[in-house]
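Engineer: Provided herewith is a single structure, encoded as structure tokens, for subsequent inquiry.
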Amino acid sequence: MILYPAIDLKDGQCVRLLRGEMSVATVFGDDPAAQALKFQQAGCQWLHLVDLNGAFAGSPINSAAVEAILKTVTVPTQLGGGIRDMATIAMWLEKGISRVILGTAAVENPALVREAARIFPGKIALGIDAYKGFVATKGWATKTTIRATDLARSFEDDGGVALIYTDIDRDGAMQGPNIEATQALARAVSIPVIASGGVSRMEDLTALRDTGVIAGAISGRALYEGAIDLAQAIKVLAD
């Protein structure tokens, strides 16, 4: 199972939100590229980047910070937030992003997701953010009546390379991931599922790994606060 260190970008800084609330942001650094380099030096295999401002605005806002990261590290990166048209997808892939995450677009413009997966095979991931099992969009500000599992199944045969599942109620709360819901989703689809939200200690990572069906996990606050040692975690997961 791959551990993805998260760099969430708000106003050019590394932050973590509590349950997606932009007003409840903890700033962990004002040099995202330097933070990305620290994660790479600790041995990470991937980086998970989110343009938080972009998720609300519907277009890229933290482009300068993302580009600085791309110039600093060599590990592959996945990026979500404000990516809602083909031109933006192509732009980020041309700049060196390895995998683009489409979340709001999966609900509002599923044809875009399918076309992007066809044009850019192996480069498109689905971002499914759920509150009590139902999908939320536009930076989690808009709740829908669509069940996360139903949305995931609707893209089953469309070429998405991964599915990032975030339990909004757990995100940034340091209360552990929703293993039951994540495992159920992973068993419901053939797309590899990456768990996000609430991963706060080493035991959370091993529990996710031990399900045998979860392909990866994203962690942010726990890495910044030292609750999880990245280098140690990578070694344990590799063993």
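Every chain in the structure tokens has a letter given in the order shown (A, B, ...), and although residue numbers restart at 1 in each chain, ligands are simply numbered from 1 in the order shown.
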Within 9 Å of segment 55-70 of chain A, counting only C-alpha atoms, which residues qualify if same-chain residues fewer than 5 places away don't, as a PDB file with N, CA and C atoms, in the first residue's frame?

Structural biologist:
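Contents of selection-v2.pdb, freshly written:
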```pdb
ATOM      1  N   LEU A   9      -2.927  23.285  -0.517  1.00  0.00           N
ATOM      2  CA  LEU A   9      -2.480  24.650  -0.790  1.00  0.00           C
ATOM      3  C   LEU A   9      -3.619  25.655  -0.639  1.00  0.00           C
ATOM      4  N   LYS A  10      -3.389  26.639   0.210  1.00  0.00           N
ATOM      5  CA  LYS A  10      -4.337  27.744   0.389  1.00  0.00           C
ATOM      6  C   LYS A  10      -3.535  29.037   0.455  1.00  0.00           C
ATOM      7  N   ASP A  11      -3.812  29.943  -0.460  1.00  0.00           N
ATOM      8  CA  ASP A  11      -3.095  31.222  -0.518  1.00  0.00           C
ATOM      9  C   ASP A  11      -1.584  31.024  -0.571  1.00  0.00           C
ATOM     10  N   GLY A  12      -1.148  29.986  -1.295  1.00  0.00           N
ATOM     11  CA  GLY A  12       0.274  29.738  -1.482  1.00  0.00           C
ATOM     12  C   GLY A  12       0.963  29.051  -0.326  1.00  0.00           C
ATOM     13  N   GLN A  13       0.220  28.703   0.717  1.00  0.00           N
ATOM     14  CA  GLN A  13       0.815  28.077   1.895  1.00  0.00           C
ATOM     15  C   GLN A  13       0.374  26.627   2.031  1.00  0.00           C
ATOM     16  N   ASP A  31       6.353  27.500   2.407  1.00  0.00           N
ATOM     17  CA  ASP A  31       7.200  27.089   1.290  1.00  0.00           C
ATOM     18  C   ASP A  31       6.820  25.662   0.886  1.00  0.00           C
ATOM     19  N   PRO A  32       5.752  25.513   0.091  1.00  0.00           N
ATOM     20  CA  PRO A  32       5.294  24.172  -0.287  1.00  0.00           C
ATOM     21  C   PRO A  32       6.359  23.341  -0.987  1.00  0.00           C
ATOM     22  N   ALA A  33       7.205  23.980  -1.802  1.00  0.00           N
ATOM     23  CA  ALA A  33       8.246  23.226  -2.508  1.00  0.00           C
ATOM     24  C   ALA A  33       9.242  22.621  -1.531  1.00  0.00           C
ATOM     25  N   ALA A  34       9.610  23.379  -0.504  1.00  0.00           N
ATOM     26  CA  ALA A  34      10.528  22.863   0.506  1.00  0.00           C
ATOM     27  C   ALA A  34       9.897  21.690   1.249  1.00  0.00           C
ATOM     28  N   GLN A  35       8.605  21.797   1.531  1.00  0.00           N
ATOM     29  CA  GLN A  35       7.904  20.704   2.210  1.00  0.00           C
ATOM     30  C   GLN A  35       7.876  19.458   1.319  1.00  0.00           C
ATOM     31  N   ALA A  36       7.617  19.672   0.041  1.00  0.00           N
ATOM     32  CA  ALA A  36       7.597  18.550  -0.896  1.00  0.00           C
ATOM     33  C   ALA A  36       8.954  17.857  -0.933  1.00  0.00           C
ATOM     34  N   LEU A  37      10.025  18.633  -0.901  1.00  0.00           N
ATOM     35  CA  LEU A  37      11.367  18.062  -0.920  1.00  0.00           C
ATOM     36  C   LEU A  37      11.627  17.236   0.336  1.00  0.00           C
ATOM     37  N   LEU A  49      -1.322  16.522  -4.046  1.00  0.00           N
ATOM     38  CA  LEU A  49      -1.466  17.968  -3.979  1.00  0.00           C
ATOM     39  C   LEU A  49      -2.925  18.370  -4.183  1.00  0.00           C
ATOM     40  N   VAL A  50      -3.374  19.366  -3.413  1.00  0.00           N
ATOM     41  CA  VAL A  50      -4.727  19.886  -3.563  1.00  0.00           C
ATOM     42  C   VAL A  50      -4.691  21.406  -3.590  1.00  0.00           C
ATOM     43  N   VAL A  75       9.628  12.864  -7.643  1.00  0.00           N
ATOM     44  CA  VAL A  75       8.610  11.823  -7.442  1.00  0.00           C
ATOM     45  C   VAL A  75       7.327  12.221  -8.161  1.00  0.00           C
ATOM     46  N   PRO A  76       6.539  11.245  -8.605  1.00  0.00           N
ATOM     47  CA  PRO A  76       5.280  11.577  -9.275  1.00  0.00           C
ATOM     48  C   PRO A  76       4.298  12.279  -8.337  1.00  0.00           C
ATOM     49  N   THR A  77       3.466  13.127  -8.933  1.00  0.00           N
ATOM     50  CA  THR A  77       2.505  13.901  -8.158  1.00  0.00           C
ATOM     51  C   THR A  77       1.110  13.732  -8.732  1.00  0.00           C
ATOM     52  N   LEU A  79      -2.741  15.732  -8.532  1.00  0.00           N
ATOM     53  CA  LEU A  79      -3.267  17.050  -8.191  1.00  0.00           C
ATOM     54  C   LEU A  79      -4.766  17.110  -8.384  1.00  0.00           C
ATOM     55  N   GLY A  80      -5.463  17.667  -7.397  1.00  0.00           N
ATOM     56  CA  GLY A  80      -6.887  17.924  -7.510  1.00  0.00           C
ATOM     57  C   GLY A  80      -7.195  19.348  -7.075  1.00  0.00           C
ATOM     58  N   GLY A  81      -8.396  19.800  -7.409  1.00  0.00           N
ATOM     59  CA  GLY A  81      -8.833  21.128  -6.998  1.00  0.00           C
ATOM     60  C   GLY A  81      -8.943  22.097  -8.152  1.00  0.00           C
ATOM     61  N   GLY A  82     -10.176  22.387  -8.588  1.00  0.00           N
ATOM     62  CA  GLY A  82     -10.399  23.386  -9.618  1.00  0.00           C
ATOM     63  C   GLY A  82     -10.101  22.932 -11.029  1.00  0.00           C
ATOM     64  N   ILE A  83     -10.039  21.631 -11.250  1.00  0.00           N
ATOM     65  CA  ILE A  83      -9.743  21.098 -12.587  1.00  0.00           C
ATOM     66  C   ILE A  83     -11.053  20.612 -13.196  1.00  0.00           C
ATOM     67  N   ARG A  84     -11.629  21.439 -14.068  1.00  0.00           N
ATOM     68  CA  ARG A  84     -12.988  21.137 -14.534  1.00  0.00           C
ATOM     69  C   ARG A  84     -13.181  21.273 -16.038  1.00  0.00           C
ATOM     70  N   ASP A  85     -12.085  21.330 -16.795  1.00  0.00           N
ATOM     71  CA  ASP A  85     -12.210  21.334 -18.251  1.00  0.00           C
ATOM     72  C   ASP A  85     -10.966  20.690 -18.857  1.00  0.00           C
ATOM     73  N   THR A  88      -7.543  22.622 -18.805  1.00  0.00           N
ATOM     74  CA  THR A  88      -6.824  22.615 -17.528  1.00  0.00           C
ATOM     75  C   THR A  88      -6.170  21.263 -17.286  1.00  0.00           C
ATOM     76  N   LYS A  95       2.664  20.313 -17.740  1.00  0.00           N
ATOM     77  CA  LYS A  95       3.597  20.909 -16.782  1.00  0.00           C
ATOM     78  C   LYS A  95       4.307  19.863 -15.925  1.00  0.00           C
ATOM     79  N   GLY A  96       3.828  18.625 -15.976  1.00  0.00           N
ATOM     80  CA  GLY A  96       4.525  17.566 -15.263  1.00  0.00           C
ATOM     81  C   GLY A  96       3.747  16.857 -14.176  1.00  0.00           C
ATOM     82  N   ILE A  97       2.485  17.238 -13.958  1.00  0.00           N
ATOM     83  CA  ILE A  97       1.653  16.476 -13.026  1.00  0.00           C
ATOM     84  C   ILE A  97       1.458  15.072 -13.592  1.00  0.00           C
ATOM     85  N   THR A 104     -15.468  17.286  -8.655  1.00  0.00           N
ATOM     86  CA  THR A 104     -16.709  17.971  -9.017  1.00  0.00           C
ATOM     87  C   THR A 104     -17.116  17.622 -10.442  1.00  0.00           C
ATOM     88  N   THR A 137     -19.455  18.258  -3.514  1.00  0.00           N
ATOM     89  CA  THR A 137     -18.655  18.833  -4.596  1.00  0.00           C
ATOM     90  C   THR A 137     -18.275  20.278  -4.280  1.00  0.00           C
ATOM     91  N   LYS A 138     -17.507  20.879  -5.204  1.00  0.00           N
ATOM     92  CA  LYS A 138     -17.111  22.289  -5.120  1.00  0.00           C
ATOM     93  C   LYS A 138     -16.452  22.612  -3.773  1.00  0.00           C
ATOM     94  N   GLY A 139     -15.367  21.873  -3.520  1.00  0.00           N
ATOM     95  CA  GLY A 139     -14.673  22.087  -2.259  1.00  0.00           C
ATOM     96  C   GLY A 139     -15.490  21.647  -1.064  1.00  0.00           C
ATOM     97  N   TRP A 140     -16.382  20.672  -1.293  1.00  0.00           N
ATOM     98  CA  TRP A 140     -17.249  20.088  -0.267  1.00  0.00           C
ATOM     99  C   TRP A 140     -18.360  21.029   0.181  1.00  0.00           C
ATOM    100  N   ALA A 141     -18.494  22.168  -0.494  1.00  0.00           N
ATOM    101  CA  ALA A 141     -19.513  23.147  -0.098  1.00  0.00           C
ATOM    102  C   ALA A 141     -20.905  22.737  -0.555  1.00  0.00           C
TER     103      ALA A 141
END
```

Engineer: If we count only C-alpha atoms and set the cut-off at 8 Å, which residues sit around Leu163 of chain A, ignoring sequence neighbours fewer than 4 positions away in its own chain? Please answer as a PDB file with N, CA and C atoms, in the first residue's frame.

Structural biologist:
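What landed in selection_11.pdb:
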```pdb
ATOM      1  N   ALA A 125      -7.620  10.300 -12.369  1.00  0.00           N
ATOM      2  CA  ALA A 125      -8.160   9.668 -11.156  1.00  0.00           C
ATOM      3  C   ALA A 125      -9.471  10.337 -10.788  1.00  0.00           C
ATOM      4  N   LEU A 126     -10.320   9.589 -10.132  1.00  0.00           N
ATOM      5  CA  LEU A 126     -11.584  10.128  -9.626  1.00  0.00           C
ATOM      6  C   LEU A 126     -11.403  10.552  -8.176  1.00  0.00           C
ATOM      7  N   GLY A 127     -11.955  11.698  -7.837  1.00  0.00           N
ATOM      8  CA  GLY A 127     -11.986  12.128  -6.451  1.00  0.00           C
ATOM      9  C   GLY A 127     -13.415  12.076  -5.953  1.00  0.00           C
ATOM     10  N   ILE A 128     -13.692  11.185  -5.036  1.00  0.00           N
ATOM     11  CA  ILE A 128     -15.044  11.076  -4.477  1.00  0.00           C
ATOM     12  C   ILE A 128     -14.985  11.461  -3.008  1.00  0.00           C
ATOM     13  N   ALA A 152     -19.024   5.864  -8.028  1.00  0.00           N
ATOM     14  CA  ALA A 152     -17.837   5.084  -8.373  1.00  0.00           C
ATOM     15  C   ALA A 152     -18.167   4.020  -9.407  1.00  0.00           C
ATOM     16  N   ILE A 191     -11.651  -0.359  -9.657  1.00  0.00           N
ATOM     17  CA  ILE A 191     -10.704   0.748  -9.674  1.00  0.00           C
ATOM     18  C   ILE A 191      -9.953   0.770  -8.344  1.00  0.00           C
ATOM     19  N   PRO A 192      -8.621   0.870  -8.352  1.00  0.00           N
ATOM     20  CA  PRO A 192      -7.873   0.938  -7.091  1.00  0.00           C
ATOM     21  C   PRO A 192      -8.306   2.124  -6.239  1.00  0.00           C
ATOM     22  N   VAL A 193      -8.570   1.887  -4.969  1.00  0.00           N
ATOM     23  CA  VAL A 193      -9.078   2.924  -4.067  1.00  0.00           C
ATOM     24  C   VAL A 193      -7.977   3.397  -3.122  1.00  0.00           C
ATOM     25  N   ILE A 194      -7.868   4.719  -3.009  1.00  0.00           N
ATOM     26  CA  ILE A 194      -6.934   5.365  -2.090  1.00  0.00           C
ATOM     27  C   ILE A 194      -7.745   6.024  -0.984  1.00  0.00           C
TER      28      ILE A 194
END
```

Engineer: Among segment 19-212 of chain A, which ones does DSSP assign to strand (DSSP E or B) (computed from the backbone)? Answer as an MDAnalysis selection string.

Structural biologist: chainID A and resid 21:29 47:51 77:80 99:102 124:131 134:137 142:147 162:167 193:196

Engineer: Give me, as a short mmCIF file (atom, residue, chain, number, x, y, z; two decimals) with N, CA and C atoms, in the first residue's frame, all polymer residues having an atom no more than 12 Å from Val135 of chain A, counting only C-alpha atoms and skipping those fewer than 4 positions away in the same chain.

Structural biologist:
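Done, and the output landed in result37.cif:
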```
data_model
loop_
_atom_site.label_atom_id
_atom_site.label_comp_id
_atom_site.auth_asym_id
_atom_site.auth_seq_id
_atom_site.Cartn_x
_atom_site.Cartn_y
_atom_site.Cartn_z
N GLY A 103 -13.02 15.61 -9.37
CA GLY A 103 -14.04 15.35 -8.36
C GLY A 103 -15.37 15.96 -8.72
N THR A 104 -15.47 17.29 -8.66
CA THR A 104 -16.71 17.97 -9.02
C THR A 104 -17.12 17.62 -10.44
N ALA A 106 -16.74 14.92 -11.99
CA ALA A 106 -17.31 13.58 -12.07
C ALA A 106 -18.82 13.60 -11.87
N VAL A 107 -19.29 14.60 -11.10
CA VAL A 107 -20.73 14.74 -10.86
C VAL A 107 -21.38 15.63 -11.91
N GLU A 108 -20.76 16.76 -12.19
CA GLU A 108 -21.38 17.76 -13.05
C GLU A 108 -21.12 17.55 -14.54
N GLY A 127 -11.95 11.70 -7.84
CA GLY A 127 -11.99 12.13 -6.45
C GLY A 127 -13.42 12.08 -5.95
N ILE A 128 -13.69 11.19 -5.04
CA ILE A 128 -15.04 11.08 -4.48
C ILE A 128 -14.99 11.46 -3.01
N ASP A 129 -15.59 12.60 -2.70
CA ASP A 129 -15.63 13.13 -1.34
C ASP A 129 -17.04 12.94 -0.81
N ALA A 130 -17.15 12.28 0.33
CA ALA A 130 -18.48 11.92 0.81
C ALA A 130 -18.70 12.33 2.25
N TYR A 131 -19.93 12.77 2.52
CA TYR A 131 -20.36 13.06 3.88
C TYR A 131 -21.52 12.13 4.20
N GLY A 139 -15.37 21.87 -3.52
CA GLY A 139 -14.67 22.09 -2.26
C GLY A 139 -15.49 21.65 -1.06
N TRP A 140 -16.38 20.67 -1.29
CA TRP A 140 -17.25 20.09 -0.27
C TRP A 140 -18.36 21.03 0.18
N ALA A 141 -18.49 22.17 -0.49
CA ALA A 141 -19.51 23.15 -0.10
C ALA A 141 -20.91 22.74 -0.56
N THR A 142 -20.98 21.90 -1.58
CA THR A 142 -22.27 21.49 -2.15
C THR A 142 -22.52 20.02 -1.88
N LYS A 143 -23.56 19.71 -1.12
CA LYS A 143 -23.92 18.33 -0.84
C LYS A 143 -24.88 17.83 -1.93
N THR A 144 -24.77 16.56 -2.29
CA THR A 144 -25.64 15.97 -3.29
C THR A 144 -26.41 14.80 -2.68
N THR A 145 -27.29 14.22 -3.47
CA THR A 145 -28.04 13.03 -3.03
C THR A 145 -27.48 11.78 -3.72
N ILE A 146 -26.28 11.90 -4.28
CA ILE A 146 -25.65 10.79 -4.98
C ILE A 146 -24.81 9.98 -4.00
N ARG A 147 -25.05 8.70 -3.96
CA ARG A 147 -24.24 7.84 -3.08
C ARG A 147 -22.85 7.63 -3.68
N ALA A 148 -21.85 7.65 -2.81
CA ALA A 148 -20.47 7.51 -3.27
C ALA A 148 -20.27 6.22 -4.07
N THR A 149 -20.84 5.13 -3.61
CA THR A 149 -20.68 3.86 -4.30
C THR A 149 -21.31 3.88 -5.68
N ASP A 150 -22.47 4.52 -5.81
CA ASP A 150 -23.14 4.61 -7.11
C ASP A 150 -22.29 5.42 -8.09
N LEU A 151 -21.72 6.52 -7.61
CA LEU A 151 -20.89 7.34 -8.49
C LEU A 151 -19.66 6.56 -8.94
N ALA A 152 -19.02 5.86 -8.03
CA ALA A 152 -17.84 5.08 -8.37
C ALA A 152 -18.17 4.02 -9.41
N TYR A 165 -10.94 8.32 -2.20
CA TYR A 165 -12.17 8.41 -1.41
C TYR A 165 -11.90 9.13 -0.10
N THR A 166 -12.54 10.27 0.07
CA THR A 166 -12.36 11.06 1.28
C THR A 166 -13.63 11.07 2.11
N ASP A 167 -13.51 10.69 3.36
CA ASP A 167 -14.63 10.81 4.30
C ASP A 167 -14.52 12.18 4.95
N ILE A 168 -15.39 13.10 4.55
CA ILE A 168 -15.30 14.49 4.97
C ILE A 168 -15.37 14.64 6.48
#
```

Engineer: Using Å and a single decimal, report how far atom CA of Ala25 of chain A sits from atom CA of Gln45 of chain A.

Structural biologist: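 Atom CA of Ala25 of chain A lies 26.5 Å from atom CA of Gln45 of chain A.
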
Engineer: Quick one: pull the distance between atom CA of Ala188 of chain A and atom CA of Leu52 of chain A, Å, one decimal.

Structural biologist: 28.8 Å

Engineer: Can you tell me, as a VMD selection string, which residues in segment 28-236 of chain A count as alpha helix (DSSP H) by DSSP?

Structural biologist: chain A and resid 32 to 41 52 to 57 63 to 72 86 to 95 104 to 108 110 to 119 148 to 154 179 to 188 202 to 210 221 to 224 230 to 236

Engineer: Would you tabulate, counting only C-alpha atoms, all residues of segment 9-92 of chain A that have an atom at most 12 Å from an atom of segment 217-235 of chain A, showing the closest pair of atoms and their distance in Å to one decimal, sorted by chain then ascending number, as a tab-separated table?

Structural biologist:
```
residue	atom	partner	partner_atom	distance
A:Leu9	CA	A:Gly220	CA	11.6
A:Cys14	CA	A:Tyr224	CA	9.8
A:Val15	CA	A:Arg221	CA	8.5
A:Arg16	CA	A:Arg221	CA	6.3
A:Leu17	CA	A:Arg221	CA	8.9
A:Leu18	CA	A:Arg221	CA	9.8
A:Ala25	CA	A:Arg221	CA	11.0
A:Thr26	CA	A:Arg221	CA	9.0
A:Val27	CA	A:Tyr224	CA	10.1
A:Phe28	CA	A:Tyr224	CA	6.9
A:Gly29	CA	A:Tyr224	CA	9.5
A:Gln35	CA	A:Tyr224	CA	9.5
A:Ala36	CA	A:Tyr224	CA	11.7
A:Lys38	CA	A:Leu230	CA	9.9
A:Phe39	CA	A:Leu230	CA	7.5
A:Gln40	CA	A:Ala231	CA	9.7
A:Gln41	CA	A:Ala231	CA	8.8
A:Ala42	CA	A:Ala231	CA	5.0
A:Gly43	CA	A:Ala231	CA	6.1
A:Cys44	CA	A:Ile234	CA	7.0
A:Gln45	CA	A:Ile234	CA	8.8
A:Trp46	CA	A:Ile218	CA	9.9
A:Leu47	CA	A:Ile218	CA	9.0
A:His48	CA	A:Ile218	CA	7.3
A:Leu49	CA	A:Ile218	CA	10.3
A:Val50	CA	A:Gly220	CA	11.1
A:Gln78	CA	A:Ile218	CA	11.3
```

Engineer: With N, CA and C atoms retained, could you export that selection as a short mmCIF file (atom, residue, chain, number, x, y, z; two decimals), in the first residue's frame?

Structural biologist:
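Saved to out33.cif:
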```
data_model
loop_
_atom_site.label_atom_id
_atom_site.label_comp_id
_atom_site.auth_asym_id
_atom_site.auth_seq_id
_atom_site.Cartn_x
_atom_site.Cartn_y
_atom_site.Cartn_z
N LEU A 9 -2.93 23.29 -0.52
CA LEU A 9 -2.48 24.65 -0.79
C LEU A 9 -3.62 25.66 -0.64
N CYS A 14 1.14 25.84 2.81
CA CYS A 14 0.76 24.48 3.17
C CYS A 14 -0.18 24.56 4.36
N VAL A 15 -1.39 24.04 4.21
CA VAL A 15 -2.35 24.10 5.31
C VAL A 15 -3.04 22.76 5.45
N ARG A 16 -3.76 22.62 6.55
CA ARG A 16 -4.71 21.53 6.72
C ARG A 16 -6.00 22.14 7.23
N LEU A 17 -7.10 21.68 6.65
CA LEU A 17 -8.41 22.13 7.09
C LEU A 17 -9.01 21.12 8.05
N LEU A 18 -10.03 21.54 8.76
CA LEU A 18 -10.81 20.63 9.59
C LEU A 18 -12.14 20.40 8.91
N ALA A 25 -8.36 26.70 9.08
CA ALA A 25 -7.13 26.25 8.43
C ALA A 25 -5.94 26.42 9.36
N THR A 26 -5.15 25.37 9.48
CA THR A 26 -3.90 25.45 10.22
C THR A 26 -2.76 25.54 9.20
N VAL A 27 -1.95 26.59 9.32
CA VAL A 27 -0.84 26.78 8.39
C VAL A 27 0.38 26.01 8.91
N PHE A 28 0.94 25.15 8.06
CA PHE A 28 2.10 24.36 8.44
C PHE A 28 3.38 24.82 7.74
N GLY A 29 3.28 25.79 6.86
CA GLY A 29 4.48 26.28 6.20
C GLY A 29 4.15 27.18 5.03
N GLN A 35 8.61 21.80 1.53
CA GLN A 35 7.90 20.70 2.21
C GLN A 35 7.88 19.46 1.32
N ALA A 36 7.62 19.67 0.04
CA ALA A 36 7.60 18.55 -0.90
C ALA A 36 8.95 17.86 -0.93
N LYS A 38 11.14 17.71 1.49
CA LYS A 38 11.30 16.94 2.73
C LYS A 38 10.59 15.59 2.62
N PHE A 39 9.40 15.60 2.05
CA PHE A 39 8.67 14.35 1.88
C PHE A 39 9.43 13.41 0.94
N GLN A 40 9.98 13.96 -0.14
CA GLN A 40 10.74 13.14 -1.07
C GLN A 40 11.99 12.57 -0.40
N GLN A 41 12.68 13.38 0.38
CA GLN A 41 13.89 12.91 1.05
C GLN A 41 13.59 11.84 2.08
N ALA A 42 12.36 11.85 2.60
CA ALA A 42 11.96 10.81 3.56
C ALA A 42 11.62 9.50 2.86
N GLY A 43 11.53 9.53 1.52
CA GLY A 43 11.35 8.29 0.78
C GLY A 43 9.98 8.07 0.17
N CYS A 44 9.13 9.10 0.11
CA CYS A 44 7.78 8.90 -0.42
C CYS A 44 7.84 8.49 -1.90
N GLN A 45 6.84 7.73 -2.32
CA GLN A 45 6.76 7.28 -3.71
C GLN A 45 5.90 8.21 -4.56
N TRP A 46 4.98 8.91 -3.92
CA TRP A 46 4.07 9.83 -4.59
C TRP A 46 3.83 11.03 -3.68
N LEU A 47 3.34 12.13 -4.27
CA LEU A 47 2.83 13.27 -3.52
C LEU A 47 1.39 13.54 -3.93
N HIS A 48 0.59 13.95 -2.97
CA HIS A 48 -0.81 14.29 -3.21
C HIS A 48 -0.98 15.79 -2.99
N LEU A 49 -1.32 16.52 -4.05
CA LEU A 49 -1.47 17.97 -3.98
C LEU A 49 -2.93 18.37 -4.18
N VAL A 50 -3.37 19.37 -3.41
CA VAL A 50 -4.73 19.89 -3.56
C VAL A 50 -4.69 21.41 -3.59
N GLN A 78 0.12 13.74 -7.84
CA GLN A 78 -1.27 13.82 -8.28
C GLN A 78 -1.86 15.11 -7.73
#
```

Engineer: Would you mind reading off the distance between atom CA of Leu112 of chain A and atom CA of Glu156 of chain A, one decimal, in Å?

Structural biologist: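 One can read the atom CA of Leu112 of chain A to atom CA of Glu156 of chain A distance as 15.0 Å.
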
Engineer: Write out as an mmCIF file with N, CA and C atoms, in the first residue's frame the residues lying within 9 Å of Leu205 of chain A, counting only C-alpha atoms and excluding same-chain residues fewer than 3 positions away.

Structural biologist:
```cif
data_model
loop_
_atom_site.group_PDB
_atom_site.id
_atom_site.type_symbol
_atom_site.label_atom_id
_atom_site.label_comp_id
_atom_site.auth_asym_id
_atom_site.auth_seq_id
_atom_site.Cartn_x
_atom_site.Cartn_y
_atom_site.Cartn_z
ATOM 1 N N MET A 1 0.843 -1.204 0.000
ATOM 2 C CA MET A 1 0.000 0.000 0.000
ATOM 3 C C MET A 1 0.873 1.247 0.000
ATOM 4 N N LEU A 3 1.732 5.154 0.626
ATOM 5 C CA LEU A 3 1.373 6.296 1.477
ATOM 6 C C LEU A 3 1.663 7.580 0.698
ATOM 7 N N VAL A 199 -6.497 9.743 8.652
ATOM 8 C CA VAL A 199 -5.335 8.887 8.908
ATOM 9 C C VAL A 199 -4.393 9.620 9.861
ATOM 10 N N SER A 200 -4.335 9.170 11.096
ATOM 11 C CA SER A 200 -3.660 9.960 12.127
ATOM 12 C C SER A 200 -2.599 9.217 12.919
ATOM 13 N N ARG A 201 -2.417 7.919 12.681
ATOM 14 C CA ARG A 201 -1.397 7.163 13.409
ATOM 15 C C ARG A 201 -0.999 5.938 12.590
ATOM 16 N N MET A 202 0.100 5.334 12.980
ATOM 17 C CA MET A 202 0.615 4.194 12.236
ATOM 18 C C MET A 202 -0.398 3.052 12.192
ATOM 19 N N LEU A 208 -5.623 -0.151 7.328
ATOM 20 C CA LEU A 208 -6.035 0.019 5.934
ATOM 21 C C LEU A 208 -5.332 -1.007 5.045
ATOM 22 N N ARG A 209 -4.037 -1.163 5.251
ATOM 23 C CA ARG A 209 -3.268 -2.137 4.461
ATOM 24 C C ARG A 209 -3.809 -3.544 4.649
ATOM 25 N N ASP A 210 -4.128 -3.877 5.898
ATOM 26 C CA ASP A 210 -4.514 -5.245 6.217
ATOM 27 C C ASP A 210 -5.903 -5.624 5.696
ATOM 28 N N GLY A 216 -3.962 2.532 -1.378
ATOM 29 C CA GLY A 216 -3.131 3.612 -0.869
ATOM 30 C C GLY A 216 -3.848 4.399 0.204
ATOM 31 N N ALA A 217 -3.100 5.266 0.867
ATOM 32 C CA ALA A 217 -3.665 6.127 1.900
ATOM 33 C C ALA A 217 -2.990 7.488 1.836
ATOM 34 N N ALA A 233 6.951 4.935 8.432
ATOM 35 C CA ALA A 233 5.702 4.411 7.887
ATOM 36 C C ALA A 233 5.925 3.739 6.534
ATOM 37 N N LEU A 237 5.142 -0.187 5.770
ATOM 38 C CA LEU A 237 4.200 -0.574 4.722
ATOM 39 C C LEU A 237 4.890 -1.412 3.653
#
```
